[in-house]
Amino acid sequence: MGPDDLTPAVELPVDEALCLLRDGELAVEGRLVEASNTTLYCAISHGDLAAACVYKPVAGERPLWDFPDGTLAEREIAAYEVSAASGWGIVPPTVYRDGPLGPGMVQLWINVDEAVDIVSLVRRSNSEQLRRIAVFDAVINNADRKGGHLLPTPAGHIYGVDHGVTFNVDPKLRTLLWQWAGDPLTDEAVDVLSTLRAELEGALGDRLGDLLTTREVRRTVRRVDYLLQQRCHPWPDGDRPAIPWPPI
């Protein structure tokens with residue numbers, strides 16, 4: 001199957017996308033060979049509606065020394081839940097479901113604006129979208145915010161993907177988005193963090209509790225509390241690498 005034969009990306013309202021991802025029929029069309037874990041390009045269809053999506057089966061996850069085996073897909077779903085609760089729409093619609101290679105993460109494929117230079121993008125200090133992603137990454141303790149995990153769309157939105165190494169109980173934040181380190185959080189960020197804190201005591205906390213350990217959820221609450229207390233973007237931790245490798 002050549003590139004012209006692949007099912008194309010389709011923009012969908014979030015609710016419609018989630019229904020399609022949950023209930024549609026998955027068909028594998030290709031594999032992203034550069035990914036460290038098994039990452040499959042799939043068509044997902046239901047009735048007359050079809051779209052492209054990413055499918056990462058748990059069975060294809062590479063073991064990591066600092067994350068429990070077989071948990072990366074659920075961490076991706078947890079990141080989506082936090083993104084959805086924030087209202088920032090950082091993570092594309094994502095679900096956990098069964099597929100041709102067993103259960104795993106299924107996420108709507110995003111059409112990327114290939115004209116955007118990622119190196120230039122990650123250096124920008126005037127992008128409110130990137131600044132929101134920096135706050136989001138601090139909340140989920142993202143250990144791998146590479147430039148290639150940022151997806152600028154032709155419409156101008158910037159998505160973040162590949163959130164399997166998140167929510168560790170130990171500090172793991174590694175990112176290219178350090179340009180706001182030490183700067184005060186925006187009023188919007190403070191409002192969003194306050195909302196997240198309240199929802200972590202309710203529905204959001206319950207959803208994360210189905211995906212993460214109790215200790216991991218508690219550490220997420222603690223990170224949000226710390227950000228609200230400090231009211232500023234975190235600095236890199238000098239005890240570990242602050243930038244992922246490779247960075248792009």
# chains A, B, ... in the order shown; residues from 1 in each chain; ligands from 1
>>> closest_atom_pairs(of="stretch 74-160 of chain A", to="stretch 221-236 of chain A", cutoff="9 Å", atoms="only C-alpha atoms", output="tab-separated table")
residue	atom	partner	partner_atom	distance
A:Ala134	CA	A:His233	CA	8.0
A:Val135	CA	A:His233	CA	7.1
A:Ala138	CA	A:Arg223	CA	7.5
A:Val139	CA	A:Arg223	CA	5.9
A:Ile140	CA	A:Arg223	CA	8.3
A:Asn141	CA	A:Arg223	CA	8.3
>>> select_by_dssp(residues="stretch 43-223 of chain A", states="alpha helix (DSSP H)", output="NGL selection string")
:A and (72-86 or 118-122 or 128-140 or 187-200 or 203-209 or 214-223)
>>> closest_atom_pairs(of="stretch 69-96 of chain A", to="stretch 196-209 of chain A", cutoff="7 Å", atoms="only C-alpha atoms", output="CSV")
residue,atom,partner,partner_atom,distance
A:Ala78,CA,A:Leu208,CA,5.8
A:Ala85,CA,A:Leu196,CA,6.7
A:Ser86,CA,A:Leu196,CA,6.5
>>> residues_around(residues="stretch 41-49 of chain A", least_positions_apart="6", cutoff="8 Å", atoms="only C-alpha atoms", output="number ranges by chain")
A: 6-7, 20-21, 23-32, 55
>>> residues_around(residues="A:Gly87", least_positions_apart="2", cutoff="12 Å", atoms="only C-alpha atoms", output="number ranges by chain")
A: 14, 80-85, 89-91, 132-133, 136, 188-189, 191-193, 195-196
>>> write_last_selection(atoms="N, CA and C atoms", output="PDB file, in the first residue's frame")
ATOM      1  N   VAL A  14     -14.984  16.769  18.608  1.00  0.00           N
ATOM      2  CA  VAL A  14     -14.406  15.860  19.605  1.00  0.00           C
ATOM      3  C   VAL A  14     -15.350  14.698  19.924  1.00  0.00           C
ATOM      4  N   TYR A  80      -4.757  12.479  27.881  1.00  0.00           N
ATOM      5  CA  TYR A  80      -5.910  13.022  27.162  1.00  0.00           C
ATOM      6  C   TYR A  80      -6.968  13.535  28.140  1.00  0.00           C
ATOM      7  N   GLU A  81      -7.215  12.783  29.209  1.00  0.00           N
ATOM      8  CA  GLU A  81      -8.221  13.201  30.189  1.00  0.00           C
ATOM      9  C   GLU A  81      -7.861  14.546  30.818  1.00  0.00           C
ATOM     10  N   VAL A  82      -6.585  14.740  31.149  1.00  0.00           N
ATOM     11  CA  VAL A  82      -6.159  16.022  31.717  1.00  0.00           C
ATOM     12  C   VAL A  82      -6.289  17.134  30.683  1.00  0.00           C
ATOM     13  N   SER A  83      -5.903  16.837  29.444  1.00  0.00           N
ATOM     14  CA  SER A  83      -6.036  17.815  28.371  1.00  0.00           C
ATOM     15  C   SER A  83      -7.498  18.226  28.177  1.00  0.00           C
ATOM     16  N   ALA A  84      -8.389  17.235  28.159  1.00  0.00           N
ATOM     17  CA  ALA A  84      -9.807  17.533  27.968  1.00  0.00           C
ATOM     18  C   ALA A  84     -10.354  18.363  29.121  1.00  0.00           C
ATOM     19  N   ALA A  85      -9.943  18.029  30.356  1.00  0.00           N
ATOM     20  CA  ALA A  85     -10.416  18.772  31.522  1.00  0.00           C
ATOM     21  C   ALA A  85      -9.893  20.201  31.532  1.00  0.00           C
ATOM     22  N   GLY A  89      -7.424  21.539  24.728  1.00  0.00           N
ATOM     23  CA  GLY A  89      -7.409  20.718  23.517  1.00  0.00           C
ATOM     24  C   GLY A  89      -6.019  20.388  23.027  1.00  0.00           C
ATOM     25  N   ILE A  90      -5.119  20.084  23.939  1.00  0.00           N
ATOM     26  CA  ILE A  90      -3.727  19.809  23.560  1.00  0.00           C
ATOM     27  C   ILE A  90      -3.585  18.431  22.928  1.00  0.00           C
ATOM     28  N   VAL A  91      -4.206  17.428  23.517  1.00  0.00           N
ATOM     29  CA  VAL A  91      -4.080  16.050  23.036  1.00  0.00           C
ATOM     30  C   VAL A  91      -5.256  15.731  22.110  1.00  0.00           C
ATOM     31  N   ARG A 132       0.909  27.040  27.067  1.00  0.00           N
ATOM     32  CA  ARG A 132      -0.076  26.155  27.693  1.00  0.00           C
ATOM     33  C   ARG A 132       0.455  24.720  27.747  1.00  0.00           C
ATOM     34  N   ILE A 133       1.097  24.287  26.662  1.00  0.00           N
ATOM     35  CA  ILE A 133       1.649  22.934  26.637  1.00  0.00           C
ATOM     36  C   ILE A 133       2.731  22.779  27.704  1.00  0.00           C
ATOM     37  N   PHE A 136       0.883  22.200  30.879  1.00  0.00           N
ATOM     38  CA  PHE A 136       0.310  20.853  30.802  1.00  0.00           C
ATOM     39  C   PHE A 136       1.375  19.800  31.082  1.00  0.00           C
ATOM     40  N   GLU A 188      -4.768  32.968  32.986  1.00  0.00           N
ATOM     41  CA  GLU A 188      -5.512  31.854  32.400  1.00  0.00           C
ATOM     42  C   GLU A 188      -4.995  30.528  32.946  1.00  0.00           C
ATOM     43  N   ALA A 189      -3.676  30.366  32.998  1.00  0.00           N
ATOM     44  CA  ALA A 189      -3.096  29.121  33.494  1.00  0.00           C
ATOM     45  C   ALA A 189      -3.489  28.872  34.941  1.00  0.00           C
ATOM     46  N   ASP A 191      -6.191  29.925  36.428  1.00  0.00           N
ATOM     47  CA  ASP A 191      -7.600  29.535  36.436  1.00  0.00           C
ATOM     48  C   ASP A 191      -7.769  28.072  36.020  1.00  0.00           C
ATOM     49  N   VAL A 192      -7.042  27.658  34.982  1.00  0.00           N
ATOM     50  CA  VAL A 192      -7.144  26.281  34.512  1.00  0.00           C
ATOM     51  C   VAL A 192      -6.623  25.314  35.574  1.00  0.00           C
ATOM     52  N   LEU A 193      -5.501  25.653  36.196  1.00  0.00           N
ATOM     53  CA  LEU A 193      -4.953  24.795  37.247  1.00  0.00           C
ATOM     54  C   LEU A 193      -5.912  24.693  38.428  1.00  0.00           C
ATOM     55  N   THR A 195      -9.146  24.880  38.261  1.00  0.00           N
ATOM     56  CA  THR A 195     -10.221  23.990  37.810  1.00  0.00           C
ATOM     57  C   THR A 195      -9.768  22.532  37.848  1.00  0.00           C
ATOM     58  N   LEU A 196      -8.557  22.269  37.356  1.00  0.00           N
ATOM     59  CA  LEU A 196      -8.024  20.912  37.390  1.00  0.00           C
ATOM     60  C   LEU A 196      -7.933  20.391  38.827  1.00  0.00           C
TER      61      LEU A 196
END
>>> closest_atom_pairs(of="stretch 1-48 of chain A", to="stretch 161-172 of chain A", cutoff="12 Å", atoms="only C-alpha atoms", output="Markdown table")
| residue | atom | partner | partner_atom | distance |
| --- | --- | --- | --- | --- |
| A:Ala35 | CA | A:Asp162 | CA | 9.9 |
| A:Ser36 | CA | A:Asp162 | CA | 10.8 |
| A:Asn37 | CA | A:Gly164 | CA | 9.9 |
| A:Thr39 | CA | A:Asp162 | CA | 10.4 |
>>> atom_distance(atom1="atom CA of A:Trp178", atom2="atom CA of A:Arg131")
9.3 Å
>>> atom_distance(atom1="atom CA of A:Gly70", atom2="atom CA of A:Pro57")
9.4 Å
>>> select_by_dssp(residues="stretch 94-166 of chain A", states="strand (DSSP E or B)", output="list in words")
Thr94, Val95, Tyr96, Arg97, Gly104, Met105, Val106, Gln107, Leu108, Arg145, Leu150, Leu151, Pro152, Ile158, Tyr159 and Gly160 of chain A
>>> write_last_selection(atoms="C-alpha atoms", output="short mmCIF file (atom, residue, chain, number, x, y, z; two decimals), in the first residue's frame")
data_model
loop_
_atom_site.label_atom_id
_atom_site.label_comp_id
_atom_site.auth_asym_id
_atom_site.auth_seq_id
_atom_site.Cartn_x
_atom_site.Cartn_y
_atom_site.Cartn_z
CA THR A 94 -7.79 9.38 22.33
CA VAL A 95 -9.37 6.17 23.64
CA TYR A 96 -8.32 2.83 25.08
CA ARG A 97 -9.83 -0.12 23.22
CA GLY A 104 -4.08 -0.33 23.25
CA MET A 105 -4.29 3.39 22.65
CA VAL A 106 -6.16 4.68 19.58
CA GLN A 107 -5.84 8.37 18.68
CA LEU A 108 -7.18 10.48 15.85
CA ARG A 145 8.46 16.59 25.08
CA LEU A 150 4.32 18.90 18.60
CA LEU A 151 1.89 18.86 15.67
CA PRO A 152 1.08 22.27 14.15
CA ILE A 158 -0.73 22.99 17.95
CA TYR A 159 -1.36 19.50 19.30
CA GLY A 160 0.89 17.49 21.57
#
>>> closest_atom_pairs(of="stretch 62-110 of chain A", to="stretch 153-156 of chain A", cutoff="12 Å", atoms="only C-alpha atoms", output="tab-separated table")
residue	atom	partner	partner_atom	distance
A:Ile90	CA	A:Thr153	CA	12.0
A:Pro92	CA	A:Thr153	CA	11.7
A:Trp109	CA	A:Thr153	CA	11.3
A:Ile110	CA	A:Thr153	CA	7.5
>>> closest_atom_pairs(of="stretch 162-222 of chain A", to="stretch 239-246 of chain A", cutoff="6 Å", atoms="only C-alpha atoms", output="JSON lines")
{"residue": "A:Arg174", "atom": "CA", "partner": "A:Ala242", "partner_atom": "CA", "distance": 4.7}
{"residue": "A:Thr175", "atom": "CA", "partner": "A:Ile243", "partner_atom": "CA", "distance": 5.0}
{"residue": "A:Leu176", "atom": "CA", "partner": "A:Ile243", "partner_atom": "CA", "distance": 5.8}
>>> write_last_selection(atoms="C-alpha atoms", output="CSV table (one decimal), in the first residue's frame")
chain,number,residue,atom,x,y,z
A,174,ARG,CA,12.2,16.8,30.2
A,175,THR,CA,11.1,19.2,27.5
A,176,LEU,CA,12.3,21.7,24.9
